[in-house]
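Text of the file work.cif, holding mmCIF, C-alpha atoms:
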data_target
#
loop_
_atom_site.label_atom_id
_atom_site.label_comp_id
_atom_site.auth_asym_id
_atom_site.auth_seq_id
_atom_site.Cartn_x
_atom_site.Cartn_y
_atom_site.Cartn_z
CA MET A 79 0.00 0.00 0.00
CA THR A 80 1.47 3.34 -0.97
CA THR A 81 0.51 6.56 0.71
CA THR A 82 1.18 10.01 -0.67
CA LYS A 83 2.98 12.18 1.82
CA LYS A 84 2.62 15.92 1.84
CA SER A 85 5.62 18.21 1.44
CA ILE A 86 5.15 20.73 4.19
CA GLN A 87 7.02 23.25 6.29
CA LEU A 88 6.69 22.52 10.00
CA PRO A 89 6.65 25.55 12.30
CA VAL A 90 9.49 25.57 14.83
CA LEU A 91 8.37 24.86 18.38
CA HIS A 92 9.40 27.71 20.63
CA ARG A 93 11.09 25.93 23.53
CA THR A 94 10.89 27.68 26.86
CA ARG A 95 13.17 27.26 29.85
CA ARG A 96 10.38 25.89 32.01
CA VAL A 97 7.34 23.86 30.95
CA TYR A 98 5.03 26.31 32.73
CA ASP A 99 6.40 29.34 30.87
CA PRO A 100 3.95 29.07 27.91
CA LEU A 101 0.96 28.46 30.21
CA ARG A 102 -1.26 31.55 30.40
CA ILE A 103 -4.27 32.55 32.44
CA CYS A 104 -7.11 34.81 31.34
CA ARG A 105 -7.49 37.62 33.85
CA LYS A 106 -11.15 37.98 32.96
CA CYS A 107 -12.51 34.42 33.03
CA ARG A 108 -9.65 32.71 34.94
CA ASN A 109 -9.26 29.96 32.30
CA PHE A 110 -5.88 28.61 31.21
CA THR A 111 -4.35 27.88 27.82
CA ILE A 112 -1.03 26.59 26.57
CA LEU A 113 -1.68 27.71 22.98
CA PRO A 114 -0.32 31.02 21.68
CA GLY A 115 -2.65 33.79 20.53
CA ASP A 116 -3.84 37.11 21.88
CA ALA A 117 -7.45 36.27 22.71
CA CYS A 118 -8.62 33.90 25.43
CA PRO A 119 -9.99 30.74 23.73
CA ASP A 120 -12.85 30.68 26.25
CA CYS A 121 -14.13 34.26 26.63
CA GLY A 122 -12.39 35.87 23.65
CA LYS A 123 -11.03 38.75 25.73
CA GLN A 124 -7.45 39.88 25.19
CA ALA A 125 -6.51 39.36 28.81
CA LEU A 126 -4.08 36.45 28.73
CA VAL A 127 -1.01 36.72 30.93
CA PRO A 128 1.72 34.12 31.59
CA VAL A 129 1.20 32.27 34.88
CA MET A 130 4.58 33.47 36.07
CA ARG A 131 3.50 37.08 35.62
CA GLN A 132 0.19 36.39 37.32
CA ALA A 133 2.06 34.88 40.29
CA SER A 134 4.36 37.90 40.39
CA LEU A 135 1.34 40.25 40.38
CA ARG A 136 -0.26 38.29 43.22
CA ALA A 137 2.96 38.43 45.23
CA LYS A 138 3.29 42.19 44.65
CA ARG A 139 -0.35 42.80 45.56
CA LYS A 140 0.05 40.83 48.78
CA MET A 141 3.16 42.82 49.68
CA LEU A 142 1.50 46.12 48.80
CA ASN A 143 -1.42 45.27 51.11
CA GLU A 144 1.04 44.70 53.95
CA ILE A 145 2.67 48.08 53.33
CA LEU A 146 -0.73 49.80 53.16
CA PHE A 147 -1.78 48.20 56.45
CA ALA A 148 1.46 49.34 58.13
CA LEU A 149 0.97 52.82 56.66
CA LEU A 150 -2.61 52.93 57.94
CA LEU A 151 -1.48 52.05 61.46
CA THR A 152 1.18 54.79 61.27
CA ILE A 153 -1.36 57.36 60.11
CA ILE A 154 -3.78 56.38 62.89
CA ALA A 155 -0.96 56.67 65.43
CA VAL A 156 -0.13 60.17 64.13
CA VAL A 157 -3.78 61.27 64.08
CA VAL A 158 -4.50 60.13 67.64
CA SER A 159 -1.27 61.58 69.01
CA LYS A 160 -1.85 64.30 71.62
CA GLU A 161 1.64 65.80 71.77
CA MET A 162 4.29 66.75 69.28
CA THR A 163 6.63 64.13 70.78
CA GLU A 164 4.09 61.40 70.16
CA ILE A 165 3.69 62.55 66.54
CA ILE A 166 7.46 62.49 66.01
CA ILE A 167 7.79 59.04 67.63
CA SER A 168 4.88 57.71 65.57
CA VAL A 169 6.33 59.05 62.30
CA ILE A 170 9.87 57.78 62.98
CA THR A 171 8.69 54.34 64.16
CA GLY A 172 6.27 54.02 61.25
CA VAL A 173 8.88 55.03 58.65
CA VAL A 174 11.57 52.74 60.09
CA LEU A 175 9.25 49.72 60.26
CA ILE A 176 7.77 50.32 56.80
CA VAL A 177 11.24 50.73 55.27
CA ALA A 178 12.37 47.51 56.97
CA LEU A 179 9.29 45.73 55.61
CA ILE A 180 9.89 47.07 52.08
CA LEU A 181 13.55 46.04 52.12
CA VAL A 182 12.72 42.48 53.18
CA GLN A 183 9.85 42.28 50.69
CA ARG A 184 12.14 43.35 47.84
CA ARG A 185 14.58 40.57 48.72
CA MET A 186 11.76 38.04 48.97
CA LEU A 187 9.80 38.96 45.83
CA SER A 188 11.23 36.22 43.59
CA LYS A 189 10.68 33.58 46.29
CA GLU A 190 7.18 34.83 47.04
CA THR A 191 6.41 34.68 43.31
CA LEU A 192 7.38 30.99 43.23
CA ARG A 193 5.22 30.37 46.30
CA GLN A 194 2.29 32.10 44.64
CA LEU A 195 2.84 30.05 41.49
CA ALA A 196 2.77 26.81 43.52
CA ARG A 197 -0.42 28.04 45.15
CA LEU A 198 -1.93 28.85 41.77
CA PHE A 199 -1.16 25.34 40.48
CA LYS A 200 -2.63 23.83 43.63
CA THR A 201 -5.85 25.84 43.79
CA GLU A 202 -6.47 26.01 40.03
CA GLY A 203 -5.40 22.43 39.16
CA LYS A 204 -8.82 21.46 37.80
CA THR A 205 -9.11 24.62 35.66
CA ILE A 206 -5.58 24.15 34.31
CA TYR A 207 -6.43 20.56 33.36
CA GLU A 208 -9.69 21.67 31.69
CA GLY A 209 -7.74 24.32 29.79
CA THR A 210 -5.33 21.74 28.36
CA VAL A 211 -8.26 19.49 27.39
CA ARG A 212 -9.87 22.43 25.57
CA ASP A 213 -6.55 23.18 23.83
CA GLN A 214 -6.38 19.59 22.58
CA SER A 215 -9.98 19.76 21.35
CA THR A 216 -9.15 23.00 19.53
CA ALA A 217 -6.17 21.30 17.87
CA VAL A 218 -8.29 18.30 16.83
CA ALA A 219 -10.92 20.65 15.38
CA VAL A 220 -8.19 22.44 13.40
CA VAL A 221 -6.94 19.08 12.04
CA ARG A 222 -10.50 18.10 11.06
CA SER A 223 -10.90 21.39 9.23
CA GLY A 224 -8.02 20.32 6.98
CA GLU A 225 -5.26 22.40 8.58
CA ASP A 226 -3.24 19.38 9.65
CA VAL A 227 0.12 21.18 9.92
CA GLU A 228 -1.37 23.87 12.15
CA GLY A 229 -3.25 21.18 14.12
CA TYR A 230 -0.09 19.13 14.57
CA HIS A 231 1.75 22.21 15.82
CA MET A 232 -1.02 22.91 18.34
CA LEU A 233 -0.95 19.31 19.57
CA ARG A 234 2.79 19.61 19.92
CA GLN A 235 2.41 22.76 22.01
CA ALA A 236 -0.15 21.01 24.22
CA ALA A 237 2.23 18.04 24.56
CA VAL A 238 4.70 20.27 26.41
CA VAL A 239 2.55 19.80 29.52
CA VAL A 240 0.24 16.93 28.57
CA HIS A 241 2.12 13.66 28.64
CA ASN A 242 -0.05 10.78 27.49
CA ASP A 243 0.05 8.15 24.77
CA ARG A 244 -3.20 9.34 23.18
CA LEU A 245 -1.67 12.72 22.39
CA ARG A 246 1.60 11.13 21.23
CA LEU A 247 -0.27 8.81 18.85
CA ALA A 248 -2.34 11.71 17.53
CA GLN A 249 0.91 13.51 16.66
CA LEU A 250 2.41 10.37 15.11
CA SER A 251 -0.67 9.76 12.96
CA LEU A 252 -0.34 13.32 11.60
CA LEU A 253 3.42 13.02 11.12
CA GLN A 254 2.98 9.93 8.95
CA ASN A 255 1.17 12.14 6.41
CA PHE A 256 4.12 14.51 6.10
CA ARG A 257 7.28 14.09 4.06
CA LEU A 258 9.90 14.53 6.76
CA ARG A 259 13.20 16.24 6.10
CA SER A 260 16.37 16.65 8.12
CA ASP A 261 15.93 20.44 8.33
CA MET A 262 12.60 20.09 10.13
CA ASP A 263 12.14 20.71 13.84
CA LEU A 264 11.19 17.18 14.88
CA ASP A 265 10.80 15.31 18.17
CA LEU A 266 11.46 11.69 18.97
CA ASP A 267 11.98 10.96 22.66
CA SER A 268 8.82 12.84 23.66
CA LEU A 269 6.76 10.73 21.22
CA ILE A 270 7.76 7.33 22.56
CA VAL A 271 4.66 5.50 23.76
CA HIS A 272 4.40 2.81 26.41
CA ASP A 273 3.19 -0.07 24.23
CA PHE A 274 4.12 -1.17 20.75
CA ASP A 275 2.65 0.88 17.96
CA PRO A 276 3.58 0.47 14.28
CA LEU A 277 3.19 4.23 13.76
CA LEU A 278 5.99 4.90 16.20
CA ALA A 279 8.16 2.11 14.81
CA GLU A 280 7.78 3.58 11.31
CA TYR A 281 8.57 7.05 12.64
CA ILE A 282 11.70 5.87 14.46
CA GLY A 283 12.84 4.18 11.23
CA GLU A 284 12.28 7.40 9.29
CA ILE A 285 14.10 9.53 11.86
CA ALA A 286 16.97 7.03 11.86
CA LYS A 287 17.32 7.67 8.14
CA ILE A 288 17.02 11.45 8.05
CA LYS A 289 18.28 12.59 11.49
CA ARG A 290 20.22 9.74 13.01
CA GLU A 291 21.56 11.90 15.86
CA MET A 292 18.02 12.03 17.26
CA VAL A 293 17.95 8.26 17.83
CA LYS A 294 19.03 7.95 21.43
CA ASP A 295 18.72 5.48 24.31
CA ARG A 296 14.92 5.62 24.65
CA ALA A 297 14.30 4.97 20.95
CA ILE A 298 16.87 2.17 20.80
CA ARG A 299 15.42 0.55 23.92
CA TYR A 300 11.91 0.82 22.45
CA VAL A 301 13.03 -0.88 19.24
CA ILE A 302 14.82 -3.65 21.14
CA ALA A 303 11.80 -4.21 23.43
CA HIS A 304 9.46 -4.53 20.45
CA GLU A 305 11.86 -6.17 17.97
CA PRO A 306 9.62 -9.22 17.24
CA GLN A 307 6.61 -7.02 16.41
CA ILE A 308 8.74 -4.71 14.26
CA LEU A 309 10.12 -7.68 12.35
CA LYS A 310 6.57 -8.69 11.47
CA MET A 311 5.98 -5.29 9.85
CA GLU A 312 6.30 -4.90 6.10
CA ASN A 313 9.15 -2.43 6.52
CA GLY A 314 10.35 -3.92 9.82
CA MET A 315 13.78 -5.08 8.72
CA ASN A 316 14.59 -1.67 7.22
CA ILE A 317 13.57 0.02 10.47
CA LEU A 318 15.82 -2.22 12.55
CA VAL A 319 18.77 -1.78 10.20
CA SER A 320 18.30 2.00 10.16
CA VAL A 321 18.23 2.13 13.94
CA THR A 322 21.34 -0.06 14.13
CA SER A 323 22.95 2.24 11.61
CA SER A 324 22.15 5.21 13.88
CA ALA A 325 23.32 3.39 17.00
CA VAL A 326 26.80 2.70 15.65
CA ARG A 327 27.50 6.43 15.59
CA MET A 328 28.35 6.22 19.30
CA LYS A 329 30.57 3.74 21.04
CA ARG A 330 28.35 3.92 24.10
CA TYR A 331 25.40 2.44 22.23
CA VAL A 332 27.57 -0.30 20.75
CA THR A 333 28.76 -1.20 24.26
CA MET A 334 25.26 -0.98 25.76
CA TYR A 335 23.35 -2.88 23.09
CA PRO A 336 25.87 -5.39 21.62
CA GLY A 337 23.31 -8.15 21.00
CA PHE A 338 21.05 -5.87 18.98
CA ILE A 339 23.96 -4.41 16.98
CA ARG A 340 25.35 -7.88 16.23
CA ARG A 341 22.00 -9.13 14.93
CA TYR A 342 21.81 -6.42 12.27
CA ALA A 343 25.48 -5.66 11.62
CA ARG A 344 25.42 -7.87 8.53
CA PHE A 345 22.73 -5.70 6.93
CA LEU A 346 24.39 -2.34 7.55
CA PRO A 347 25.50 -0.23 4.59
CA LYS A 348 29.23 -0.54 4.00
CA ASP A 349 30.17 2.82 5.55
CA ARG A 350 28.25 2.06 8.76
CA PHE A 351 29.66 -1.47 8.97
CA LEU A 352 33.14 -0.10 8.40
CA ARG A 353 32.65 2.40 11.20
CA LEU A 354 31.48 -0.35 13.56
CA TYR A 355 34.27 -2.65 12.49
CA ARG A 356 36.96 -0.04 13.13
CA MET A 357 35.37 0.97 16.43
CA ILE A 358 35.64 -2.62 17.68
CA GLN A 359 39.09 -3.17 16.19
CA ASN A 360 40.45 -0.03 17.86
CA ASP A 361 39.05 -0.97 21.25
CA PRO A 362 41.45 -3.31 23.09
CA ALA A 363 38.66 -4.38 25.46
CA GLN A 364 36.53 -5.61 22.55
CA LYS A 365 39.25 -7.27 20.49
CA ASP A 366 38.39 -10.84 21.46
CA SER A 367 34.69 -10.28 22.12
CA THR A 368 31.85 -12.10 20.39
CA MET A 369 31.12 -8.85 18.58
CA ALA A 370 34.67 -8.71 17.18
CA VAL A 371 34.47 -12.34 16.05
CA ASP A 372 31.06 -11.79 14.41
CA LEU A 373 32.21 -8.66 12.64
CA GLU A 374 35.34 -10.40 11.40
CA ASN A 375 33.20 -13.24 10.01
CA ILE A 376 30.92 -10.75 8.26
CA ARG A 377 33.91 -8.89 6.88
CA GLN A 378 35.38 -12.15 5.53
CA GLU A 379 32.06 -13.05 3.99
CA LEU A 380 30.98 -9.71 2.50
CA TYR A 381 34.06 -7.52 2.17
CA LYS A 382 36.92 -9.97 1.62
CA GLY A 383 39.85 -8.22 0.00
CA ASP A 384 38.28 -4.78 0.44
CA SER A 385 41.13 -2.33 1.02
CA ASP A 386 38.94 -0.07 3.21
CA PHE A 387 39.08 -2.70 5.93
CA GLU A 388 42.88 -2.82 6.00
CA PRO A 389 44.15 -2.58 9.60
CA ALA A 390 46.55 0.25 8.72
CA VAL A 391 43.63 2.70 8.79
CA THR A 392 43.23 4.28 12.20
CA GLY A 393 40.66 6.64 13.72
CA ILE A 394 36.97 6.92 13.06
CA GLY A 395 36.10 9.64 10.66
CA ILE A 396 32.54 8.81 9.67
CA SER A 397 29.65 9.87 11.84
CA MET B 217 -1.62 56.65 74.83
CA PHE B 218 -3.69 55.25 71.93
CA ALA B 219 -0.89 56.25 69.55
CA TYR B 220 1.48 53.92 71.42
CA VAL B 221 -1.07 51.10 71.16
CA CYS B 222 -1.17 51.64 67.38
CA LEU B 223 2.64 51.64 67.24
CA ALA B 224 2.75 48.44 69.28
CA VAL B 225 0.31 46.77 66.87
CA LEU B 226 2.38 48.06 63.94
CA PHE B 227 5.57 46.77 65.53
CA LEU B 228 4.02 43.34 66.16
CA PHE B 229 2.60 43.22 62.64
CA VAL B 230 5.96 44.03 61.02
CA ILE B 231 7.84 41.59 63.26
CA ILE B 232 5.35 38.81 62.46
CA ARG B 233 5.58 39.51 58.71
CA LEU B 234 9.39 39.59 58.77
CA SER B 235 9.45 36.33 60.75
CA MET B 236 7.02 34.75 58.28
CA TYR B 237 9.25 35.77 55.38
CA ALA B 238 12.29 34.34 57.15
CA PHE B 239 10.41 31.12 57.92
CA LYS B 240 8.94 30.71 54.42
CA ARG B 241 12.32 31.39 52.84
CA LYS B 242 13.33 27.80 53.63
CA ARG B 243 10.11 26.39 52.21
CA VAL B 244 10.09 28.03 48.79
CA PRO B 245 9.46 25.50 45.98
CA THR B 246 12.21 25.22 43.39
CA GLU B 247 11.48 25.65 39.69
CA ASP B 248 11.94 21.89 39.20
CA GLU B 249 9.38 21.19 41.92
CA LEU B 250 6.94 23.61 40.29
CA GLU B 251 7.36 21.84 36.95
CA LYS B 252 6.69 18.50 38.59
CA GLN B 253 3.68 19.90 40.42
CA LEU B 254 2.17 21.27 37.20
CA LEU B 255 2.85 18.10 35.20
CA SER B 256 1.38 15.86 37.91
CA THR B 257 -1.65 18.17 38.23
CA ILE B 258 -2.38 17.84 34.53
CA ASN B 259 -1.31 14.27 33.88
CA GLN B 260 -2.84 12.59 36.94
CA ARG B 261 -6.24 13.61 35.65
CA SER B 262 -5.71 12.68 31.99
#

Could you express the structure from this file as structure tokens?
Amino acid sequence: MTTTKKSIQLPVLHRTRRVYDPLRICRKCRNFTILPGDACPDCGKQALVPVMRQASLRAKRKMLNEILFALLLTIIAVVVSKEMTEIIISVITGVVLIVALILVQRRMLSKETLRQLARLFKTEGKTIYEGTVRDQSTAVAVVRSGEDVEGYHMLRQAAVVVHNDRLRLAQLSLLQNFRLRSDMDLDLDSLIVHDFDPLLAEYIGEIAKIKREMVKDRAIRYVIAHEPQILKMENGMNILVSVTSSAVRMKRYVTMYPGFIRRYARFLPKDRFLRLYRMIQNDPAQKDSTMAVDLENIRQELYKGDSDFEPAVTGIGIS
Amino acid sequence: MFAYVCLAVLFLFVIIRLSMYAFKRKRVPTEDELEKQLLSTINQRS
């Protein structure tokens, strides 16, 4: 079965320092959204502010109320004073205490902001969750309207805070419709689901071909854990060979997953096999290992007399 | 006399607030903890 894939341009996901940075609250209706845009998706008002800013405002308001209360007490003390001495004492005491309060508050503002943010997450947990559900529904509606690139991007933005297999599979099912290229801003580790899914296996195989540096521990472990199911797939062997091909770029993976590498070493393209062969040959600890013996047998069988495999060549230049 | 009562209340108020700030300073959540809190809030329900 052949499917036509769309050539598209994927928007780049703006990555923030903290996962809560893109989360915003509407100051009118108190609903949350992770999606960008000026208007609140619930009430339509342009009153969205980042949660961090909202927490900072709450902290400042709380501190301002304390200062106002202290000021009020000072004013009352001045007003009810009967002598000039009392007025002077009241003013001096009030000013000294208020200044002390302000100085401590200024030092504590960043910490108080974090406390207010924790409080916001605790008290508004249900609303935050409902906001992310609404964001996902918005993304699905966008996909259904035919804007699958925009919809995928929205799902991806929601996936920054929503970590579940349903959302990952929704992204994978959209990604399979796109013609992926190495210059695209793609994810892999964040899309790995708990159980076997052919969509993910296909995607890992594709990534291994176009952006092999993205295939890391989690993807390799997923492929090894579901190797029998992948082998049953039409394109299964190609996927496994591509992942092996990616894994041999780092010695660490070769050391960590020797059984997997050995099983597919025979099917590697020559340059990848050569890289693996040299890596093992140049490692004194691996010289007499099963891996070294297997690779030597494969070399004798497939590349006998090939000058590229001459032992005089040192170093690993291919990535 | 009432002025001194007000000043005493003010003094107590400021001392209590400063003590609270000093006490809470040790119990401020880190950014990592806040991330975990948000992610668990959202993902426990989904």

request  = Could you state which residues are captured by the PyMOL selection byres ((chain B) within 7 of (chain A)) in this file, as a ChimeraX atom specification?
outcome  = /B:218-219,222-223,226,230,234,244-245,250-251,254-255,257-259

Write the residues you've just listed into a file as a PDB file, in the coordinates of the input, and include C-alpha atoms for each of them.
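Contents of again_10.pdb, freshly written:
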ATOM      1  CA  PHE B 218      -3.690  55.250  71.930  1.00  0.00           C
ATOM      2  CA  ALA B 219      -0.890  56.250  69.550  1.00  0.00           C
ATOM      3  CA  CYS B 222      -1.170  51.640  67.380  1.00  0.00           C
ATOM      4  CA  LEU B 223       2.640  51.640  67.240  1.00  0.00           C
ATOM      5  CA  LEU B 226       2.380  48.060  63.940  1.00  0.00           C
ATOM      6  CA  VAL B 230       5.960  44.030  61.020  1.00  0.00           C
ATOM      7  CA  LEU B 234       9.390  39.590  58.770  1.00  0.00           C
ATOM      8  CA  VAL B 244      10.090  28.030  48.790  1.00  0.00           C
ATOM      9  CA  PRO B 245       9.460  25.500  45.980  1.00  0.00           C
ATOM     10  CA  LEU B 250       6.940  23.610  40.290  1.00  0.00           C
ATOM     11  CA  GLU B 251       7.360  21.840  36.950  1.00  0.00           C
ATOM     12  CA  LEU B 254       2.170  21.270  37.200  1.00  0.00           C
ATOM     13  CA  LEU B 255       2.850  18.100  35.200  1.00  0.00           C
ATOM     14  CA  THR B 257      -1.650  18.170  38.230  1.00  0.00           C
ATOM     15  CA  ILE B 258      -2.380  17.840  34.530  1.00  0.00           C
ATOM     16  CA  ASN B 259      -1.310  14.270  33.880  1.00  0.00           C
TER      17      ASN B 259
END

key: Nearest to Ala219 in chain A, chosen from A:Leu233, A:Asn360, A:Met311, A:Asp120, with all atoms listed in the file counted in the distances   = A:Leu233

task = To verify the selection step, state as an MDAnalysis selection string which residues the PyMOL selection byres ((chain A and resi 131) around 10) yields on this input.
result = chainID A and resid 99 102:103 127:130 132:137 191 195

For the selection you just gave me, I'd like the residues written to a file as a PDB file, in the frame of the given file, keeping C-alpha atoms.
ATOM      1  CA  ASP A  99       6.400  29.340  30.870  1.00  0.00           C
ATOM      2  CA  ARG A 102      -1.260  31.550  30.400  1.00  0.00           C
ATOM      3  CA  ILE A 103      -4.270  32.550  32.440  1.00  0.00           C
ATOM      4  CA  VAL A 127      -1.010  36.720  30.930  1.00  0.00           C
ATOM      5  CA  PRO A 128       1.720  34.120  31.590  1.00  0.00           C
ATOM      6  CA  VAL A 129       1.200  32.270  34.880  1.00  0.00           C
ATOM      7  CA  MET A 130       4.580  33.470  36.070  1.00  0.00           C
ATOM      8  CA  GLN A 132       0.190  36.390  37.320  1.00  0.00           C
ATOM      9  CA  ALA A 133       2.060  34.880  40.290  1.00  0.00           C
ATOM     10  CA  SER A 134       4.360  37.900  40.390  1.00  0.00           C
ATOM     11  CA  LEU A 135       1.340  40.250  40.380  1.00  0.00           C
ATOM     12  CA  ARG A 136      -0.260  38.290  43.220  1.00  0.00           C
ATOM     13  CA  ALA A 137       2.960  38.430  45.230  1.00  0.00           C
ATOM     14  CA  THR A 191       6.410  34.680  43.310  1.00  0.00           C
ATOM     15  CA  LEU A 195       2.840  30.050  41.490  1.00  0.00           C
TER      16      LEU A 195
END

Dump as a tab-separated table the rows for residues of range 212-291 of chain A within 6 Å of range 320-336 of chain A: closest atom pair and distance in Å with one decimal, all atoms listed in the file counted, ordered by chain and rising residue number.
residue	atom	partner	partner_atom	distance
A:Gly283	CA	A:Ser320	CA	6.0
A:Ala286	CA	A:Val321	CA	5.5
A:Arg290	CA	A:Ser324	CA	5.0

Result set, the PyMOL selection byres ((chain A and resi 86) around 7) on current file, as a VMD selection string = chain A and resid 84 to 85 87 to 88 256 to 257

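CA of Leu318 in chain A is positioned 17.9 Å from CA of Ile376 in chain A.
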
note = With distances taken over all atoms listed in the file, the candidate from A:Lys83, A:Lys106, A:Lys294, A:Arg184 nearest Leu253 in chain A is A:Lys83

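Between CA of Leu277 in chain A and CA of Thr111 in chain A the separation is 28.5 Å.
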
ask   = What gap, in Å, lies between CA of Arg350 in chain A and CA of Asp265 in chain A?
value =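 Rounded to one decimal, the two atoms are 23.8 Å apart.
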
Could range 235-254 of chain B be completed with N, CA and C atoms and written as a PDB file, keeping the file's coordinate frame, please?
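Final output, saved to part_36.pdb:
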ATOM      1  N   SER B 235       9.180  37.710  60.303  1.00  0.00           N
ATOM      2  CA  SER B 235       9.450  36.330  60.750  1.00  0.00           C
ATOM      3  C   SER B 235       8.863  35.328  59.761  1.00  0.00           C
ATOM      4  N   MET B 236       7.662  35.653  59.264  1.00  0.00           N
ATOM      5  CA  MET B 236       7.020  34.750  58.280  1.00  0.00           C
ATOM      6  C   MET B 236       7.879  34.640  57.021  1.00  0.00           C
ATOM      7  N   TYR B 237       8.397  35.803  56.574  1.00  0.00           N
ATOM      8  CA  TYR B 237       9.250  35.770  55.380  1.00  0.00           C
ATOM      9  C   TYR B 237      10.498  34.932  55.635  1.00  0.00           C
ATOM     10  N   ALA B 238      11.089  35.103  56.820  1.00  0.00           N
ATOM     11  CA  ALA B 238      12.290  34.340  57.150  1.00  0.00           C
ATOM     12  C   ALA B 238      11.978  32.843  57.236  1.00  0.00           C
ATOM     13  N   PHE B 239      10.807  32.520  57.777  1.00  0.00           N
ATOM     14  CA  PHE B 239      10.410  31.120  57.920  1.00  0.00           C
ATOM     15  C   PHE B 239      10.104  30.499  56.558  1.00  0.00           C
ATOM     16  N   LYS B 240       9.353  31.246  55.735  1.00  0.00           N
ATOM     17  CA  LYS B 240       8.940  30.710  54.420  1.00  0.00           C
ATOM     18  C   LYS B 240      10.114  30.599  53.448  1.00  0.00           C
ATOM     19  N   ARG B 241      11.151  31.379  53.722  1.00  0.00           N
ATOM     20  CA  ARG B 241      12.320  31.390  52.840  1.00  0.00           C
ATOM     21  C   ARG B 241      12.881  29.979  52.639  1.00  0.00           C
ATOM     22  N   LYS B 242      12.790  29.169  53.705  1.00  0.00           N
ATOM     23  CA  LYS B 242      13.330  27.800  53.630  1.00  0.00           C
ATOM     24  C   LYS B 242      12.356  26.849  52.934  1.00  0.00           C
ATOM     25  N   ARG B 243      11.122  27.295  52.774  1.00  0.00           N
ATOM     26  CA  ARG B 243      10.110  26.390  52.210  1.00  0.00           C
ATOM     27  C   ARG B 243       9.623  26.837  50.837  1.00  0.00           C
ATOM     28  N   VAL B 244      10.476  27.556  50.128  1.00  0.00           N
ATOM     29  CA  VAL B 244      10.090  28.030  48.790  1.00  0.00           C
ATOM     30  C   VAL B 244      10.297  26.883  47.790  1.00  0.00           C
ATOM     31  N   PRO B 245       9.282  26.583  46.960  1.00  0.00           N
ATOM     32  CA  PRO B 245       9.460  25.500  45.980  1.00  0.00           C
ATOM     33  C   PRO B 245      10.484  25.898  44.911  1.00  0.00           C
ATOM     34  N   THR B 246      11.254  24.932  44.461  1.00  0.00           N
ATOM     35  CA  THR B 246      12.210  25.220  43.390  1.00  0.00           C
ATOM     36  C   THR B 246      11.468  25.180  42.053  1.00  0.00           C
ATOM     37  N   GLU B 247      12.119  25.671  41.013  1.00  0.00           N
ATOM     38  CA  GLU B 247      11.480  25.650  39.690  1.00  0.00           C
ATOM     39  C   GLU B 247      11.228  24.219  39.218  1.00  0.00           C
ATOM     40  N   ASP B 248      12.141  23.308  39.564  1.00  0.00           N
ATOM     41  CA  ASP B 248      11.940  21.890  39.200  1.00  0.00           C
ATOM     42  C   ASP B 248      10.708  21.327  39.897  1.00  0.00           C
ATOM     43  N   GLU B 249      10.547  21.678  41.172  1.00  0.00           N
ATOM     44  CA  GLU B 249       9.380  21.190  41.920  1.00  0.00           C
ATOM     45  C   GLU B 249       8.086  21.744  41.332  1.00  0.00           C
ATOM     46  N   LEU B 250       8.138  23.003  40.894  1.00  0.00           N
ATOM     47  CA  LEU B 250       6.940  23.610  40.290  1.00  0.00           C
ATOM     48  C   LEU B 250       6.578  22.908  38.986  1.00  0.00           C
ATOM     49  N   GLU B 251       7.602  22.573  38.205  1.00  0.00           N
ATOM     50  CA  GLU B 251       7.360  21.840  36.950  1.00  0.00           C
ATOM     51  C   GLU B 251       6.690  20.505  37.243  1.00  0.00           C
ATOM     52  N   LYS B 252       7.247  19.808  38.228  1.00  0.00           N
ATOM     53  CA  LYS B 252       6.690  18.500  38.590  1.00  0.00           C
ATOM     54  C   LYS B 252       5.256  18.639  39.076  1.00  0.00           C
ATOM     55  N   GLN B 253       5.028  19.676  39.870  1.00  0.00           N
ATOM     56  CA  GLN B 253       3.680  19.900  40.420  1.00  0.00           C
ATOM     57  C   GLN B 253       2.675  20.136  39.275  1.00  0.00           C
ATOM     58  N   LEU B 254       3.068  20.975  38.317  1.00  0.00           N
ATOM     59  CA  LEU B 254       2.170  21.270  37.200  1.00  0.00           C
ATOM     60  C   LEU B 254       1.912  20.011  36.365  1.00  0.00           C
TER      61      LEU B 254
END
